[in-house]
Amino acid sequence: MLSYSDNVARRDGLAAAVIYLPEDYAALHGGNGDSYEDYLLRVESSLEEIEGPVRVVRVPFDPAAYRAWLAAGAGWRDCPEARAAWALSVAEDPAGLAALRKRCPVLPWPPVEEAVEVRVLYGVVAVLLEGESDVSALGRCLPRDLLEKAAEGLRGFLPPVPPFRVLSPLRAEGARVLVGDRLVHVGRMGEVEELAEDMVSSETGSVFAVPRALRCRRSDLGEQYPVIVAALLPVALHGAAGDVRYWDAFLAEHEGDIGPFSQAAVEAVAAVFGKRVVAGHVHLLPGYLVDVFLDTFFENLELSAGEEEEEPPPKRRARRNGFLRRVK
């Protein structure tokens, strides 16, 4: 397999990335320090996207060696792909690579802690639907003022980091909390995470718009009522990767019922569903724990029902795209 991109070339199990020093990047591309640091991040992103096992070699760009390679009949004219091809030829020559590294022993490293990142968590909300009109309500936008209150409550719970500030198209400082404006179906977490960066990147406030296509639909729930349905309130941590990951790790230690956030989220959902919020709190969890939490949640509901009824409680029904429990 042989492939080329602007900064990376690959042949079978070897991938070479051409790494410009700041002065060489400026001579070739212009720009400033911000554009150079974005370039370093793009190289790293290209390397991370390579599929399959591969050995990565970062090759410092040497203008004189590159020009000599072109003049020797490499079959390329100067362009970004040609520089990547040159880097691959150097990586395939251990003696040449060693000599080049001796002339340039230290390479610049991408500012990965500043790379813009979005991580999505989910507030798990259980509501009682008594008829088809409630299904329509389940897809409505929630009150913005209460969602802003929820975002503020979570931000106040988290440890301090710098205020969110965009540094460049690919870099940021600090982090912020944003809350989605509608509940989504459990089976659409993957779609939420795929769209997360697009949903939050242009948002200047603390509430982001969730596409209506991700809402809970009548086809997800069947036609028997009343029913208890678990839906999800998306929450995004957005900002510099170092700060976002710090918050994410902090919440992993405190996952569950986060008081100020939970209270405001319950108020927002109750504004649409009245008193039919089954639990008096909203647990905040990463996506990979949602299914486990729902299993336990519905098992506890069945146990509670069993204690109050002489006959066996109705069983929870698990649908392909989420969880629900019929209620007598």
# chains A, B, ... in the order shown; residues from 1 in each chain; ligands from 1
call {"tool": "select_by_dssp", "arguments": {"residues": "range 153-182 of chain A", "states": "helix (DSSP H, G or I)", "output": "list of chain:residue names"}}
result
A:Gly153, A:Leu154, A:Arg155, A:Gly156, A:Phe157
call {"tool": "write_last_selection", "arguments": {"atoms": "C-alpha atoms", "output": "mmCIF file, in the first residue's frame"}}
result
data_model
loop_
_atom_site.group_PDB
_atom_site.id
_atom_site.type_symbol
_atom_site.label_atom_id
_atom_site.label_comp_id
_atom_site.auth_asym_id
_atom_site.auth_seq_id
_atom_site.Cartn_x
_atom_site.Cartn_y
_atom_site.Cartn_z
ATOM 1 C CA GLY A 153 -24.828 24.448 38.222
ATOM 2 C CA LEU A 154 -22.500 21.900 36.642
ATOM 3 C CA ARG A 155 -19.840 24.539 35.920
ATOM 4 C CA GLY A 156 -19.915 25.573 39.570
ATOM 5 C CA PHE A 157 -19.423 21.958 40.645
#
call {"tool": "residues_around", "arguments": {"residues": "range 88-105 of chain A", "least_positions_apart": "5", "cutoff": "9 Å", "atoms": "only C-alpha atoms", "output": "list of chain:residue names"}}
result
A:Val8, A:Ala9, A:Arg10, A:Arg11, A:Leu14, A:Ala15, A:Ala16, A:Ala17, A:Val18, A:Val57, A:Arg58, A:Val59, A:Pro60, A:Phe61, A:Asp62, A:Arg83
call {"tool": "write_last_selection", "arguments": {"atoms": "N, CA and C atoms", "output": "CSV table (one decimal), in the first residue's frame"}}
result
chain,number,residue,atom,x,y,z
A,8,VAL,N,1.9,13.4,5.3
A,8,VAL,CA,2.3,12.1,5.6
A,8,VAL,C,2.3,11.2,4.4
A,9,ALA,N,3.2,10.3,4.3
A,9,ALA,CA,3.3,9.3,3.2
A,9,ALA,C,3.4,8.0,3.9
A,10,ARG,N,2.8,6.9,3.3
A,10,ARG,CA,2.8,5.6,3.9
A,10,ARG,C,3.1,4.6,2.8
A,11,ARG,N,4.0,3.6,3.1
A,11,ARG,CA,4.2,2.5,2.3
A,11,ARG,C,4.1,1.2,3.2
A,14,LEU,N,5.0,1.3,7.1
A,14,LEU,CA,5.8,2.5,7.5
A,14,LEU,C,5.1,3.7,7.1
A,15,ALA,N,5.0,4.7,8.0
A,15,ALA,CA,4.4,6.0,7.7
A,15,ALA,C,5.4,7.1,8.1
A,16,ALA,N,5.6,8.0,7.2
A,16,ALA,CA,6.6,9.1,7.5
A,16,ALA,C,5.8,10.4,7.5
A,17,ALA,N,6.1,11.2,8.5
A,17,ALA,CA,5.5,12.6,8.5
A,17,ALA,C,6.6,13.6,8.4
A,18,VAL,N,6.4,14.5,7.5
A,18,VAL,CA,7.4,15.6,7.3
A,18,VAL,C,7.2,16.7,8.4
A,57,VAL,N,7.4,7.4,11.7
A,57,VAL,CA,8.7,8.1,11.7
A,57,VAL,C,8.4,9.5,11.4
A,58,ARG,N,8.9,10.4,12.3
A,58,ARG,CA,8.8,11.9,12.1
A,58,ARG,C,10.1,12.4,11.5
A,59,VAL,N,10.1,12.9,10.3
A,59,VAL,CA,11.3,13.3,9.6
A,59,VAL,C,11.4,14.8,9.6
A,60,PRO,N,12.5,15.4,10.2
A,60,PRO,CA,12.7,16.8,10.1
A,60,PRO,C,13.0,17.3,8.7
A,61,PHE,N,12.3,18.3,8.3
A,61,PHE,CA,12.5,18.8,6.9
A,61,PHE,C,13.8,19.5,6.7
A,62,ASP,N,14.6,19.1,5.7
A,62,ASP,CA,15.9,19.7,5.4
A,62,ASP,C,15.8,20.2,4.0
A,83,ARG,N,6.9,16.6,-0.6
A,83,ARG,CA,7.7,16.6,0.6
A,83,ARG,C,7.4,15.4,1.5
call {"tool": "select_by_dssp", "arguments": {"residues": "range 75-314 of chain A", "states": "strand (DSSP E or B)", "output": "ChimeraX atom specification"}}
result
/A:115-129,141,165-168,171-173,175-180,182,184,207-208,227-240,256-257,277,283-286
call {"tool": "residues_around", "arguments": {"residues": "range 111-126 of chain A", "least_positions_apart": "5", "cutoff": "9 Å", "atoms": "only C-alpha atoms", "output": "PyMOL selection string"}}
result
chain A and resi 37-38+40-41+44+166-167+169-174+183+189+192-193+196-197+200+228-245+248+256+262+265-266+269+276-279+281-287+290+293-294
call {"tool": "write_last_selection", "arguments": {"atoms": "C-alpha atoms", "output": "PDB file, in the first residue's frame"}}
result
ATOM      1  CA  GLU A  37       0.899  25.137  15.804  1.00  0.00           C
ATOM      2  CA  ASP A  38      -2.279  24.207  13.913  1.00  0.00           C
ATOM      3  CA  LEU A  40       1.584  20.427  13.978  1.00  0.00           C
ATOM      4  CA  LEU A  41      -1.841  19.371  15.223  1.00  0.00           C
ATOM      5  CA  GLU A  44      -0.700  14.483  14.566  1.00  0.00           C
ATOM      6  CA  VAL A 166     -10.599  30.269  21.000  1.00  0.00           C
ATOM      7  CA  LEU A 167      -6.909  30.564  20.082  1.00  0.00           C
ATOM      8  CA  PRO A 169      -9.270  27.136  14.294  1.00  0.00           C
ATOM      9  CA  LEU A 170      -7.807  24.042  15.995  1.00  0.00           C
ATOM     10  CA  ARG A 171      -6.775  25.320  19.426  1.00  0.00           C
ATOM     11  CA  ALA A 172      -8.404  26.730  22.542  1.00  0.00           C
ATOM     12  CA  GLU A 173      -7.713  27.713  26.108  1.00  0.00           C
ATOM     13  CA  GLY A 174      -9.892  26.702  29.051  1.00  0.00           C
ATOM     14  CA  LEU A 183     -33.977  15.042  25.209  1.00  0.00           C
ATOM     15  CA  MET A 189     -25.904   8.479  21.505  1.00  0.00           C
ATOM     16  CA  VAL A 192     -24.993  12.847  19.178  1.00  0.00           C
ATOM     17  CA  GLU A 193     -21.258  12.284  19.597  1.00  0.00           C
ATOM     18  CA  ALA A 196     -21.195  17.166  18.915  1.00  0.00           C
ATOM     19  CA  GLU A 197     -18.439  19.420  17.588  1.00  0.00           C
ATOM     20  CA  VAL A 200     -21.373  23.352  19.962  1.00  0.00           C
ATOM     21  CA  ILE A 228     -41.855   4.751  31.791  1.00  0.00           C
ATOM     22  CA  VAL A 229     -39.257   5.892  29.261  1.00  0.00           C
ATOM     23  CA  ALA A 230     -35.609   6.726  29.840  1.00  0.00           C
ATOM     24  CA  ALA A 231     -34.386   9.624  27.695  1.00  0.00           C
ATOM     25  CA  LEU A 232     -31.086  11.484  27.718  1.00  0.00           C
ATOM     26  CA  LEU A 233     -30.166  15.143  28.169  1.00  0.00           C
ATOM     27  CA  PRO A 234     -26.849  15.708  26.307  1.00  0.00           C
ATOM     28  CA  VAL A 235     -24.162  17.714  28.090  1.00  0.00           C
ATOM     29  CA  ALA A 236     -20.988  18.816  26.276  1.00  0.00           C
ATOM     30  CA  LEU A 237     -17.592  19.669  27.751  1.00  0.00           C
ATOM     31  CA  HIS A 238     -15.929  21.847  25.113  1.00  0.00           C
ATOM     32  CA  GLY A 239     -12.526  23.458  25.032  1.00  0.00           C
ATOM     33  CA  ALA A 240      -8.813  22.723  25.272  1.00  0.00           C
ATOM     34  CA  ALA A 241      -8.192  18.971  25.416  1.00  0.00           C
ATOM     35  CA  GLY A 242      -6.147  19.201  28.616  1.00  0.00           C
ATOM     36  CA  ASP A 243      -8.917  21.001  30.490  1.00  0.00           C
ATOM     37  CA  VAL A 244     -11.771  18.953  28.982  1.00  0.00           C
ATOM     38  CA  ARG A 245     -10.058  15.702  29.936  1.00  0.00           C
ATOM     39  CA  ASP A 248     -14.023  14.398  32.359  1.00  0.00           C
ATOM     40  CA  GLY A 256     -24.208  10.370  39.387  1.00  0.00           C
ATOM     41  CA  SER A 262     -29.651  17.705  38.618  1.00  0.00           C
ATOM     42  CA  ALA A 265     -32.449  19.570  34.795  1.00  0.00           C
ATOM     43  CA  VAL A 266     -35.422  18.111  36.699  1.00  0.00           C
ATOM     44  CA  VAL A 269     -38.065  18.406  32.170  1.00  0.00           C
ATOM     45  CA  ARG A 276     -44.264  12.772  35.692  1.00  0.00           C
ATOM     46  CA  VAL A 277     -40.480  12.747  36.161  1.00  0.00           C
ATOM     47  CA  VAL A 278     -40.064   9.322  37.770  1.00  0.00           C
ATOM     48  CA  ALA A 279     -36.907   9.984  39.755  1.00  0.00           C
ATOM     49  CA  HIS A 281     -32.876  13.605  40.187  1.00  0.00           C
ATOM     50  CA  VAL A 282     -30.928  13.306  36.928  1.00  0.00           C
ATOM     51  CA  HIS A 283     -27.788  11.179  36.924  1.00  0.00           C
ATOM     52  CA  LEU A 284     -24.948  12.489  34.729  1.00  0.00           C
ATOM     53  CA  LEU A 285     -22.980   9.694  33.067  1.00  0.00           C
ATOM     54  CA  PRO A 286     -20.593   8.994  30.172  1.00  0.00           C
ATOM     55  CA  GLY A 287     -22.207   7.162  27.282  1.00  0.00           C
ATOM     56  CA  VAL A 290     -25.732   4.547  30.329  1.00  0.00           C
ATOM     57  CA  PHE A 293     -27.213   2.326  34.686  1.00  0.00           C
ATOM     58  CA  LEU A 294     -30.550   1.756  32.949  1.00  0.00           C
TER      59      LEU A 294
END
